[in-house]
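Since the structure comes first, as structure tokens, the remarks are kept for the end.
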Amino acid sequence: MNKSKEEQIKSFLLSADEVCKELLLKELKMLEINGYVYSSDEAVEELGLDDELVHHLVEDYVAQILKSVYIFADLLLALKIARKEHAVLNYLPLRELAHKNLGVARNLRIKDAEKLLFELMKKDDLEYLEICIQALQACAIKLKPICAYNTVTTINIKKTL
């Protein structure tokens, strides 16, 4: 029996909440972003944009982050393979992608993403970076669950083609 789209989105959001609670209360506690709730008020005021435009920009950001998560995963896998082969680890592509996404998060005043992306730019521990990527994905899902669900569904469909 198929779940309705609404039930699937609820399940998707619940899973993201659990990941956030698990990671943000333990491995990422020092970032102090557990319980963070985004408000567009700061972005609206400081950027001089209306709330509806900021809403659309945040949806674009969520889609961008979720697409980037797949790229982050590929880059992280390449780093793990290089480490296993005792090769030089080139963090530059991962850091460039984090930097690109950090600019958008800063402009929209998305504080949890700012901190997670900053960690991705600065840290070298591959297991820690993987945790940051998982948290970034979960936080993006929580930010706009319907948009996130639609984006991930589209990505998964494209992967099967």
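Every chain in the structure tokens has a letter given in the order shown (A, B, ...), and although residue numbers restart at 1 in each chain, ligands are simply numbered from 1 in the order shown.
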Practice task
Step one, run DSSP on the backbone; step two, keep only residues of stretch 1-156 of chain A assigned to helix (DSSP H, G or I); then write them as a PyMOL selection string.
Solution key: chain A and resi 5-25+29-31+41-47+51-84+92-107+111-122+126-143+145-156
Would you mind exporting the chosen residues as a CSV table (one decimal), in the first residue's frame, restricted to C-alpha atoms?
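File produced: result_39.csv:
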```
chain,number,residue,atom,x,y,z
A,5,LYS,CA,2.5,12.2,-0.6
A,6,GLU,CA,1.6,14.1,2.6
A,7,GLU,CA,2.4,11.0,4.7
A,8,GLN,CA,5.7,10.6,2.9
A,9,ILE,CA,6.7,14.2,3.5
A,10,LYS,CA,5.8,13.8,7.2
A,11,SER,CA,8.0,10.7,7.4
A,12,PHE,CA,10.8,12.5,5.5
A,13,LEU,CA,10.6,15.4,8.0
A,14,LEU,CA,10.5,13.1,11.0
A,15,SER,CA,13.6,11.3,9.8
A,16,ALA,CA,15.4,14.7,9.3
A,17,ASP,CA,14.3,15.8,12.9
A,18,GLU,CA,15.8,12.6,14.3
A,19,VAL,CA,19.1,13.0,12.5
A,20,CYS,CA,19.3,16.7,13.7
A,21,LYS,CA,18.6,15.7,17.3
A,22,GLU,CA,21.1,12.9,17.2
A,23,LEU,CA,23.9,14.8,15.5
A,24,LEU,CA,23.3,18.3,16.9
A,25,LEU,CA,23.1,17.1,20.5
A,29,LYS,CA,27.0,20.0,20.1
A,30,MET,CA,29.8,22.6,20.1
A,31,LEU,CA,28.3,24.4,17.1
A,41,ASP,CA,12.8,38.5,9.1
A,42,GLU,CA,16.5,39.3,9.3
A,43,ALA,CA,17.0,38.6,5.6
A,44,VAL,CA,14.0,40.6,4.6
A,45,GLU,CA,15.1,43.6,6.7
A,46,GLU,CA,18.8,43.6,5.8
A,47,LEU,CA,18.5,42.7,2.2
A,51,ASP,CA,9.0,38.0,2.4
A,52,GLU,CA,7.7,36.1,-0.6
A,53,LEU,CA,10.9,36.6,-2.6
A,54,VAL,CA,13.0,35.5,0.4
A,55,HIS,CA,10.7,32.4,0.7
A,56,HIS,CA,11.5,31.5,-2.9
A,57,LEU,CA,15.2,32.1,-2.4
A,58,VAL,CA,15.2,29.8,0.6
A,59,GLU,CA,13.5,27.1,-1.5
A,60,ASP,CA,16.2,27.6,-4.2
A,61,TYR,CA,18.8,27.3,-1.4
A,62,VAL,CA,17.2,24.0,-0.1
A,63,ALA,CA,17.2,22.5,-3.6
A,64,GLN,CA,20.8,23.7,-4.1
A,65,ILE,CA,22.0,22.2,-0.8
A,66,LEU,CA,20.3,18.9,-1.4
A,67,LYS,CA,21.9,18.6,-4.9
A,68,SER,CA,25.2,19.6,-3.3
A,69,VAL,CA,24.9,16.8,-0.7
A,70,TYR,CA,25.3,14.2,-3.5
A,71,ILE,CA,28.4,16.0,-4.7
A,72,PHE,CA,29.8,16.3,-1.2
A,73,ALA,CA,29.2,12.6,-0.8
A,74,ASP,CA,31.1,11.8,-4.0
A,75,LEU,CA,34.0,14.2,-3.0
A,76,LEU,CA,34.1,12.6,0.5
A,77,LEU,CA,34.3,9.1,-1.0
A,78,ALA,CA,37.2,10.2,-3.2
A,79,LEU,CA,39.0,11.6,-0.1
A,80,LYS,CA,38.4,8.3,1.8
A,81,ILE,CA,39.7,6.3,-1.2
A,82,ALA,CA,42.8,8.6,-1.4
A,83,ARG,CA,43.4,8.2,2.4
A,84,LYS,CA,43.1,4.4,2.1
A,92,LEU,CA,39.9,21.9,-2.4
A,93,PRO,CA,36.9,20.7,-4.4
A,94,LEU,CA,34.9,20.0,-1.2
A,95,ARG,CA,35.9,23.4,0.3
A,96,GLU,CA,35.0,25.3,-2.9
A,97,LEU,CA,31.6,23.7,-2.9
A,98,ALA,CA,31.1,24.5,0.8
A,99,HIS,CA,32.2,28.1,0.1
A,100,LYS,CA,29.8,28.5,-2.7
A,101,ASN,CA,26.9,27.3,-0.6
A,102,LEU,CA,28.1,29.3,2.4
A,103,GLY,CA,27.7,32.6,0.5
A,104,VAL,CA,24.0,31.8,-0.1
A,105,ALA,CA,23.4,30.7,3.5
A,106,ARG,CA,25.0,33.9,4.7
A,107,ASN,CA,22.9,36.1,2.4
A,111,LYS,CA,22.6,30.4,10.8
A,112,ASP,CA,22.7,26.6,11.2
A,113,ALA,CA,23.8,26.1,7.6
A,114,GLU,CA,26.4,28.9,8.0
A,115,LYS,CA,28.1,27.0,10.8
A,116,LEU,CA,27.9,23.6,9.1
A,117,LEU,CA,29.3,24.9,5.9
A,118,PHE,CA,32.1,26.7,7.7
A,119,GLU,CA,33.1,23.4,9.3
A,120,LEU,CA,33.1,21.8,5.9
A,121,MET,CA,35.5,24.5,4.7
A,122,LYS,CA,37.9,24.3,7.6
A,126,LEU,CA,36.7,12.8,7.1
A,127,GLU,CA,34.3,11.2,9.5
A,128,TYR,CA,33.5,14.6,11.1
A,129,LEU,CA,32.9,16.1,7.6
A,130,GLU,CA,30.5,13.2,6.8
A,131,ILE,CA,28.5,14.1,10.0
A,132,CYS,CA,28.4,17.8,9.0
A,133,ILE,CA,27.1,16.8,5.6
A,134,GLN,CA,24.4,14.6,7.2
A,135,ALA,CA,23.4,17.4,9.5
A,136,LEU,CA,23.4,20.0,6.6
A,137,GLN,CA,21.0,17.7,4.6
A,138,ALA,CA,18.7,17.2,7.6
A,139,CYS,CA,18.6,20.9,8.4
A,140,ALA,CA,17.8,21.8,4.8
A,141,ILE,CA,14.9,19.2,4.9
A,142,LYS,CA,13.6,20.8,8.1
A,143,LEU,CA,13.8,24.3,6.6
A,145,PRO,CA,10.2,19.9,3.9
A,146,ILE,CA,7.9,20.0,0.8
A,147,CYS,CA,10.6,21.6,-1.4
A,148,ALA,CA,13.2,19.2,0.0
A,149,TYR,CA,10.9,16.1,-0.6
A,150,ASN,CA,10.2,17.2,-4.2
A,151,THR,CA,13.9,17.9,-4.9
A,152,VAL,CA,15.1,14.5,-3.5
A,153,THR,CA,12.3,12.8,-5.4
A,154,THR,CA,13.4,14.5,-8.7
A,155,ILE,CA,17.1,13.7,-8.0
A,156,ASN,CA,16.2,10.0,-7.4
```
Practice task
Work out how far apart atom CA of A:Lys158 and atom CA of A:Lys144 are and give it in Å to one decimal.
Solution key: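 Straight-line distance from atom CA of A:Lys158 to atom CA of A:Lys144 works out to 21.0 Å.
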